[in-house]
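What follows is a short report on a single structure.
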Amino acid sequence: MSDLIRDDGRKFDELRPIKIEAGVLERADGSAYLEVGGNKILVAVYGPRESYIRRLLEPNTGVIRCRYNMAPFSVDDRKRPGPDRRSSEISKITADALRPALMLENYPRSMIDIYIEVIEAEGGTRCAGITAASVALVDAGVPMKDIVVGCAAGKVYDEIVLDLSEKEDKEGQADVPIAMMPRTGEITLLQSDGNLTEEEFAKAIDLAMEGCRKVNELQKEALMKKYAIE
Ligand code: UDP
């Protein structure tokens, strides 16, 4: 990996500074707060609990519902409140990224609600939301096969780089957000926006997986900090 540095002083394979805290809300069954670069994200989890929406009730499995929401003040241009195409898409892909880790067949007729609130956004909020949601699910005591973690890589100024900032996302040539279960390496989300050669795409996935593994260590540290017996 080259030693050249990026606009914000990072190396190509360097993550932005990350802070994760588990169990930050009193009322929710599980919660987490995450900062990565300029992103600030709060997640609340409720459940598994009896499904309060009868039409969503499944007799043989539990269901997860996920709401990703950006606060109107989370970006420079006021974000119009309420759901839009982008937030509906991110809500869906987040639920899809987390579902493989959950043993929902153990919770028939039940529901798990995941609320992701982006308080400040600075690029990469979908991955940060998945990372924080997974910590909140563990905090809620939901049994999981693994802690799902999200991280993106992309192409900026012809270089494959890790964890794009908002500026890099806007000015760059490609963004490849992924989520994975680090124990098995199973990818649970893979999106790609922009143009990459086959070789660059493979390099971006490898780099994003490497990023995921680093972020996963911080997820585990946050949970140990909350739950380790002194
Ligand atoms: N963004 C914004 N206004 C919006 C949506 C997004 O300013 O209405 C910014 C925000 O910083 C976000 C970034 O653009 O993190 C990149 O958005 P994208 O849709 O690629 O999703 P993300 O990278 O956050 O997962």
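Lettering and numbering for the structure tokens are positional, with chains as A, B, ... in the shown order, residues counted from 1 in each chain, and ligands counted from 1 in the shown order.
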Using 8 Å as the limit and counting only C-alpha atoms, can you tabulate each residue of segment 68-149 of chain A that touches segment 186-204 of chain A, with its shortest atom-to-atom distance in Å and the two atoms involved, as JSON lines?
{"residue": "A:Ile93", "atom": "CA", "partner": "A:Leu189", "partner_atom": "CA", "distance": 7.2}
{"residue": "A:Asp96", "atom": "CA", "partner": "A:Thr188", "partner_atom": "CA", "distance": 7.2}
{"residue": "A:Ala97", "atom": "CA", "partner": "A:Thr188", "partner_atom": "CA", "distance": 4.7}
{"residue": "A:Leu98", "atom": "CA", "partner": "A:Thr188", "partner_atom": "CA", "distance": 7.3}
{"residue": "A:Pro100", "atom": "CA", "partner": "A:Thr188", "partner_atom": "CA", "distance": 7.2}
File of the preceding selection, all heavy atoms, as a PDB file, in the first residue's frame:
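To be explicit, this is the file written out as result-v1.pdb:
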ATOM      1  N   ILE A  93     -31.706  -2.265   3.083  1.00  0.00           N
ATOM      2  CA  ILE A  93     -30.424  -2.986   2.964  1.00  0.00           C
ATOM      3  C   ILE A  93     -29.804  -3.233   4.353  1.00  0.00           C
ATOM      4  O   ILE A  93     -29.075  -4.200   4.540  1.00  0.00           O
ATOM      5  CB  ILE A  93     -29.423  -2.297   1.987  1.00  0.00           C
ATOM      6  CG1 ILE A  93     -29.098  -0.867   2.394  1.00  0.00           C
ATOM      7  CG2 ILE A  93     -29.946  -2.341   0.558  1.00  0.00           C
ATOM      8  CD1 ILE A  93     -27.739  -0.697   2.940  1.00  0.00           C
ATOM      9  N   ASP A  96     -31.514  -6.280   5.670  1.00  0.00           N
ATOM     10  CA  ASP A  96     -30.988  -7.436   4.911  1.00  0.00           C
ATOM     11  C   ASP A  96     -29.570  -7.803   5.363  1.00  0.00           C
ATOM     12  O   ASP A  96     -29.198  -8.977   5.384  1.00  0.00           O
ATOM     13  CB  ASP A  96     -30.975  -7.132   3.406  1.00  0.00           C
ATOM     14  CG  ASP A  96     -32.377  -7.035   2.821  1.00  0.00           C
ATOM     15  OD1 ASP A  96     -33.341  -7.450   3.495  1.00  0.00           O
ATOM     16  OD2 ASP A  96     -32.516  -6.523   1.693  1.00  0.00           O
ATOM     17  N   ALA A  97     -28.778  -6.778   5.703  1.00  0.00           N
ATOM     18  CA  ALA A  97     -27.385  -7.025   6.129  1.00  0.00           C
ATOM     19  C   ALA A  97     -27.329  -7.670   7.513  1.00  0.00           C
ATOM     20  O   ALA A  97     -26.423  -8.457   7.802  1.00  0.00           O
ATOM     21  CB  ALA A  97     -26.601  -5.717   6.127  1.00  0.00           C
ATOM     22  N   LEU A  98     -28.295  -7.343   8.362  1.00  0.00           N
ATOM     23  CA  LEU A  98     -28.271  -7.852   9.743  1.00  0.00           C
ATOM     24  C   LEU A  98     -28.961  -9.217   9.872  1.00  0.00           C
ATOM     25  O   LEU A  98     -28.582 -10.035  10.717  1.00  0.00           O
ATOM     26  CB  LEU A  98     -28.962  -6.851  10.677  1.00  0.00           C
ATOM     27  CG  LEU A  98     -28.265  -5.492  10.819  1.00  0.00           C
ATOM     28  CD1 LEU A  98     -29.199  -4.501  11.514  1.00  0.00           C
ATOM     29  CD2 LEU A  98     -26.958  -5.623  11.612  1.00  0.00           C
ATOM     30  N   PRO A 100     -29.008 -12.161   8.373  1.00  0.00           N
ATOM     31  CA  PRO A 100     -28.311 -13.455   8.401  1.00  0.00           C
ATOM     32  C   PRO A 100     -27.664 -13.781   9.750  1.00  0.00           C
ATOM     33  O   PRO A 100     -27.382 -14.950  10.040  1.00  0.00           O
ATOM     34  CB  PRO A 100     -27.232 -13.297   7.315  1.00  0.00           C
ATOM     35  CG  PRO A 100     -27.731 -12.223   6.423  1.00  0.00           C
ATOM     36  CD  PRO A 100     -28.493 -11.279   7.308  1.00  0.00           C
TER      37      PRO A 100
END
Which residues are near Ser91 of chain A? Cut-off 12 Å, only C-alpha atoms, ignore same chain within fewer than 4 positions. Put them as a list of chain:residue names.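 The residues that qualify are A:Ile64, A:Arg65, A:Cys66, A:Arg67, A:Tyr68, A:Asn69, A:Met70, A:Pro83, A:Asp84, A:Arg85, A:Arg86, A:Ser87, A:Ala95, A:Asp96, A:Ala97, A:Leu98, A:Asp113, A:Ile114, A:Tyr115, A:Ile116, A:Glu117, A:Thr125, A:Arg126, A:Cys127, A:Gly129, A:Ile130, A:Ala133.
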All helix (DSSP H, G or I) residues (DSSP, backbone) inside segment 2-169 of chain A, as an NGL selection string: :A and (54-56 or 85-101 or 104-106 or 125-139 or 166-169)
Got time to write the residues from that selection, C-alpha atoms, as a PDB file, in the first residue's frame?
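Wrote out_5.pdb, looks like this:
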ATOM      1  CA  ARG A  54     -50.709  -7.983  12.725  1.00  0.00           C
ATOM      2  CA  ARG A  55     -50.099  -8.019   8.984  1.00  0.00           C
ATOM      3  CA  LEU A  56     -46.338  -8.377   9.572  1.00  0.00           C
ATOM      4  CA  ARG A  85     -36.188   6.959  -1.491  1.00  0.00           C
ATOM      5  CA  ARG A  86     -32.659   6.952  -0.098  1.00  0.00           C
ATOM      6  CA  SER A  87     -33.675   6.340   3.531  1.00  0.00           C
ATOM      7  CA  SER A  88     -36.148   3.598   2.489  1.00  0.00           C
ATOM      8  CA  GLU A  89     -33.379   1.890   0.524  1.00  0.00           C
ATOM      9  CA  ILE A  90     -30.896   2.147   3.399  1.00  0.00           C
ATOM     10  CA  SER A  91     -33.511   0.861   5.886  1.00  0.00           C
ATOM     11  CA  LYS A  92     -34.077  -2.172   3.665  1.00  0.00           C
ATOM     12  CA  ILE A  93     -30.424  -2.986   2.964  1.00  0.00           C
ATOM     13  CA  THR A  94     -29.610  -2.575   6.673  1.00  0.00           C
ATOM     14  CA  ALA A  95     -32.269  -5.118   7.666  1.00  0.00           C
ATOM     15  CA  ASP A  96     -30.988  -7.436   4.911  1.00  0.00           C
ATOM     16  CA  ALA A  97     -27.385  -7.025   6.129  1.00  0.00           C
ATOM     17  CA  LEU A  98     -28.271  -7.852   9.743  1.00  0.00           C
ATOM     18  CA  ARG A  99     -30.824 -10.646   9.179  1.00  0.00           C
ATOM     19  CA  PRO A 100     -28.311 -13.455   8.401  1.00  0.00           C
ATOM     20  CA  ALA A 101     -26.774 -13.024  11.868  1.00  0.00           C
ATOM     21  CA  LEU A 104     -35.243 -15.286  13.779  1.00  0.00           C
ATOM     22  CA  GLU A 105     -36.756 -18.767  13.502  1.00  0.00           C
ATOM     23  CA  ASN A 106     -36.510 -18.881  17.306  1.00  0.00           C
ATOM     24  CA  THR A 125     -23.646   6.471   7.199  1.00  0.00           C
ATOM     25  CA  ARG A 126     -25.139   3.202   5.914  1.00  0.00           C
ATOM     26  CA  CYS A 127     -22.073   1.219   7.016  1.00  0.00           C
ATOM     27  CA  ALA A 128     -21.830   3.121  10.299  1.00  0.00           C
ATOM     28  CA  GLY A 129     -25.541   2.460  10.930  1.00  0.00           C
ATOM     29  CA  ILE A 130     -25.097  -1.285  10.405  1.00  0.00           C
ATOM     30  CA  THR A 131     -22.039  -1.352  12.698  1.00  0.00           C
ATOM     31  CA  ALA A 132     -23.902   0.524  15.451  1.00  0.00           C
ATOM     32  CA  ALA A 133     -27.131  -1.477  15.009  1.00  0.00           C
ATOM     33  CA  SER A 134     -25.264  -4.722  15.502  1.00  0.00           C
ATOM     34  CA  VAL A 135     -23.776  -3.470  18.795  1.00  0.00           C
ATOM     35  CA  ALA A 136     -27.260  -2.356  19.901  1.00  0.00           C
ATOM     36  CA  LEU A 137     -28.655  -5.822  19.058  1.00  0.00           C
ATOM     37  CA  VAL A 138     -26.011  -7.461  21.242  1.00  0.00           C
ATOM     38  CA  ASP A 139     -26.787  -4.916  23.976  1.00  0.00           C
ATOM     39  CA  GLU A 166     -18.267  12.792   2.372  1.00  0.00           C
ATOM     40  CA  LYS A 167     -15.863  14.864   0.254  1.00  0.00           C
ATOM     41  CA  GLU A 168     -14.235  11.725  -1.162  1.00  0.00           C
ATOM     42  CA  ASP A 169     -17.649  10.198  -1.801  1.00  0.00           C
TER      43      ASP A 169
END
Using only C-alpha atoms and all ligand atoms for the distances, tell me which of A:Asp13, A:Glu159, A:Asp206, A:Asp76 is nearest to ligand 1.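 The closest residue to ligand 1 is A:Asp76.
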Taking into account only C-alpha atoms and all ligand atoms, which residue in the set A:Glu50, A:Asp146, A:Glu120, A:Glu210 is nearest to ligand 1?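 Between A:Glu50, A:Asp146, A:Glu120, A:Glu210, the residue approaching ligand 1 most closely is A:Glu120.
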Nearby residues (only C-alpha atoms) at most 7 Å from segment 28-31 of chain A, same-chain spacing under 3 positions excluded, as a list of chain:residue names: A:Ala22, A:Gly23, A:Val24, A:Leu25, A:Val43, A:Ala44, A:Val45, A:Tyr46, A:Gly47, A:Ala136, A:Leu137, A:Asp139, A:Ala140
Could you write those residues out with all heavy atoms, as a PDB file, in the first residue's frame?
ATOM      1  N   ALA A  22     -21.714   1.182  23.849  1.00  0.00           N
ATOM      2  CA  ALA A  22     -22.903   0.312  23.911  1.00  0.00           C
ATOM      3  C   ALA A  22     -23.772   0.730  25.085  1.00  0.00           C
ATOM      4  O   ALA A  22     -23.266   1.186  26.116  1.00  0.00           O
ATOM      5  CB  ALA A  22     -22.465  -1.140  24.089  1.00  0.00           C
ATOM      6  N   GLY A  23     -25.094   0.595  24.929  1.00  0.00           N
ATOM      7  CA  GLY A  23     -26.009   0.824  26.059  1.00  0.00           C
ATOM      8  C   GLY A  23     -26.074   2.263  26.507  1.00  0.00           C
ATOM      9  O   GLY A  23     -25.756   2.580  27.647  1.00  0.00           O
ATOM     10  N   VAL A  24     -26.487   3.153  25.633  1.00  0.00           N
ATOM     11  CA  VAL A  24     -26.487   4.587  25.956  1.00  0.00           C
ATOM     12  C   VAL A  24     -27.890   5.111  26.260  1.00  0.00           C
ATOM     13  O   VAL A  24     -28.045   6.244  26.700  1.00  0.00           O
ATOM     14  CB  VAL A  24     -25.876   5.424  24.810  1.00  0.00           C
ATOM     15  CG1 VAL A  24     -24.400   5.136  24.668  1.00  0.00           C
ATOM     16  CG2 VAL A  24     -26.586   5.149  23.484  1.00  0.00           C
ATOM     17  N   LEU A  25     -28.921   4.314  26.003  1.00  0.00           N
ATOM     18  CA  LEU A  25     -30.302   4.744  26.240  1.00  0.00           C
ATOM     19  C   LEU A  25     -30.914   3.895  27.354  1.00  0.00           C
ATOM     20  O   LEU A  25     -30.647   2.691  27.440  1.00  0.00           O
ATOM     21  CB  LEU A  25     -31.146   4.611  24.962  1.00  0.00           C
ATOM     22  CG  LEU A  25     -30.690   5.431  23.753  1.00  0.00           C
ATOM     23  CD1 LEU A  25     -31.520   5.066  22.525  1.00  0.00           C
ATOM     24  CD2 LEU A  25     -30.800   6.918  24.051  1.00  0.00           C
ATOM     25  N   VAL A  43     -28.441   4.408  17.828  1.00  0.00           N
ATOM     26  CA  VAL A  43     -29.335   3.297  17.466  1.00  0.00           C
ATOM     27  C   VAL A  43     -30.070   2.794  18.697  1.00  0.00           C
ATOM     28  O   VAL A  43     -29.470   2.617  19.763  1.00  0.00           O
ATOM     29  CB  VAL A  43     -28.539   2.123  16.837  1.00  0.00           C
ATOM     30  CG1 VAL A  43     -29.472   0.959  16.514  1.00  0.00           C
ATOM     31  CG2 VAL A  43     -27.816   2.567  15.574  1.00  0.00           C
ATOM     32  N   ALA A  44     -31.366   2.573  18.550  1.00  0.00           N
ATOM     33  CA  ALA A  44     -32.178   1.952  19.606  1.00  0.00           C
ATOM     34  C   ALA A  44     -32.780   0.669  19.049  1.00  0.00           C
ATOM     35  O   ALA A  44     -33.230   0.635  17.904  1.00  0.00           O
ATOM     36  CB  ALA A  44     -33.282   2.900  20.042  1.00  0.00           C
ATOM     37  N   VAL A  45     -32.775  -0.378  19.883  1.00  0.00           N
ATOM     38  CA  VAL A  45     -33.373  -1.660  19.498  1.00  0.00           C
ATOM     39  C   VAL A  45     -34.445  -2.041  20.510  1.00  0.00           C
ATOM     40  O   VAL A  45     -34.232  -1.919  21.726  1.00  0.00           O
ATOM     41  CB  VAL A  45     -32.283  -2.769  19.438  1.00  0.00           C
ATOM     42  CG1 VAL A  45     -32.912  -4.162  19.365  1.00  0.00           C
ATOM     43  CG2 VAL A  45     -31.357  -2.567  18.251  1.00  0.00           C
ATOM     44  N   TYR A  46     -35.585  -2.472  20.005  1.00  0.00           N
ATOM     45  CA  TYR A  46     -36.650  -3.016  20.848  1.00  0.00           C
ATOM     46  C   TYR A  46     -36.960  -4.426  20.382  1.00  0.00           C
ATOM     47  O   TYR A  46     -37.121  -4.682  19.204  1.00  0.00           O
ATOM     48  CB  TYR A  46     -37.923  -2.168  20.735  1.00  0.00           C
ATOM     49  CG  TYR A  46     -37.848  -0.870  21.516  1.00  0.00           C
ATOM     50  CD1 TYR A  46     -37.296   0.271  20.939  1.00  0.00           C
ATOM     51  CD2 TYR A  46     -38.321  -0.794  22.816  1.00  0.00           C
ATOM     52  CE1 TYR A  46     -37.219   1.454  21.642  1.00  0.00           C
ATOM     53  CE2 TYR A  46     -38.253   0.397  23.530  1.00  0.00           C
ATOM     54  CZ  TYR A  46     -37.704   1.515  22.943  1.00  0.00           C
ATOM     55  OH  TYR A  46     -37.625   2.685  23.642  1.00  0.00           O
ATOM     56  N   GLY A  47     -37.085  -5.353  21.331  1.00  0.00           N
ATOM     57  CA  GLY A  47     -37.496  -6.705  20.987  1.00  0.00           C
ATOM     58  C   GLY A  47     -36.408  -7.724  21.270  1.00  0.00           C
ATOM     59  O   GLY A  47     -35.371  -7.368  21.844  1.00  0.00           O
ATOM     60  N   ALA A 136     -26.010  -2.557  19.154  1.00  0.00           N
ATOM     61  CA  ALA A 136     -27.260  -2.356  19.901  1.00  0.00           C
ATOM     62  C   ALA A 136     -28.040  -3.669  20.032  1.00  0.00           C
ATOM     63  O   ALA A 136     -28.674  -3.924  21.059  1.00  0.00           O
ATOM     64  CB  ALA A 136     -28.111  -1.292  19.197  1.00  0.00           C
ATOM     65  N   LEU A 137     -27.980  -4.517  18.999  1.00  0.00           N
ATOM     66  CA  LEU A 137     -28.655  -5.822  19.058  1.00  0.00           C
ATOM     67  C   LEU A 137     -28.015  -6.708  20.125  1.00  0.00           C
ATOM     68  O   LEU A 137     -28.711  -7.382  20.887  1.00  0.00           O
ATOM     69  CB  LEU A 137     -28.588  -6.518  17.691  1.00  0.00           C
ATOM     70  CG  LEU A 137     -29.570  -6.015  16.640  1.00  0.00           C
ATOM     71  CD1 LEU A 137     -29.140  -6.452  15.241  1.00  0.00           C
ATOM     72  CD2 LEU A 137     -30.986  -6.508  16.928  1.00  0.00           C
ATOM     73  N   ASP A 139     -26.419  -5.575  22.711  1.00  0.00           N
ATOM     74  CA  ASP A 139     -26.787  -4.916  23.976  1.00  0.00           C
ATOM     75  C   ASP A 139     -28.216  -5.288  24.389  1.00  0.00           C
ATOM     76  O   ASP A 139     -28.518  -5.364  25.575  1.00  0.00           O
ATOM     77  CB  ASP A 139     -26.635  -3.396  23.807  1.00  0.00           C
ATOM     78  CG  ASP A 139     -26.902  -2.645  25.100  1.00  0.00           C
ATOM     79  OD1 ASP A 139     -26.321  -3.036  26.147  1.00  0.00           O
ATOM     80  OD2 ASP A 139     -27.696  -1.693  25.080  1.00  0.00           O
ATOM     81  N   ALA A 140     -29.081  -5.525  23.401  1.00  0.00           N
ATOM     82  CA  ALA A 140     -30.468  -5.924  23.687  1.00  0.00           C
ATOM     83  C   ALA A 140     -30.555  -7.391  24.108  1.00  0.00           C
ATOM     84  O   ALA A 140     -31.621  -7.870  24.475  1.00  0.00           O
ATOM     85  CB  ALA A 140     -31.342  -5.682  22.457  1.00  0.00           C
TER      86      ALA A 140
END
Which distance in Å separates atom CA of Lys226 of chain A and atom CA of Ala152 of chain A, to one decimal?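 Between atom CA of Lys226 of chain A and atom CA of Ala152 of chain A the gap is 26.8 Å.
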Taking into account only C-alpha atoms and all ligand atoms, which residue in the set A:Leu42, A:Ala174, A:Ile160, A:Val148 is nearest to ligand 1?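 Checking each of A:Leu42, A:Ala174, A:Ile160, A:Val148 against ligand 1, counting only C-alpha atoms and all ligand atoms, the winner is A:Ala174.
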For a quick check of understanding, using only C-alpha atoms, which of A:Lys214, A:Leu164, A:Gly154, A:Leu102 has the smallest distance to Val142 of chain A?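 Ranking A:Lys214, A:Leu164, A:Gly154, A:Leu102 by distance to Val142 of chain A, first place goes to A:Leu102.
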Quick one: everything within 6 Å of Glu35 of chain A, counting only C-alpha atoms, minus sequence neighbours fewer than 4 positions away in the same chain. Send it as a ChimeraX atom specification. /A:18-19,39-40
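Minimum atom-to-atom distances from A:Ala32, A:Met111, A:Ile5, A:Leu15 to Arg213 of chain A were compared using only C-alpha atoms, and the lowest value belongs to A:Leu15.
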Pick out the closest residue to ligand 1 from this set: A:Ala179, A:Ile20, A:Met209, A:Met144. Count only C-alpha atoms and all ligand atoms. A:Ala179
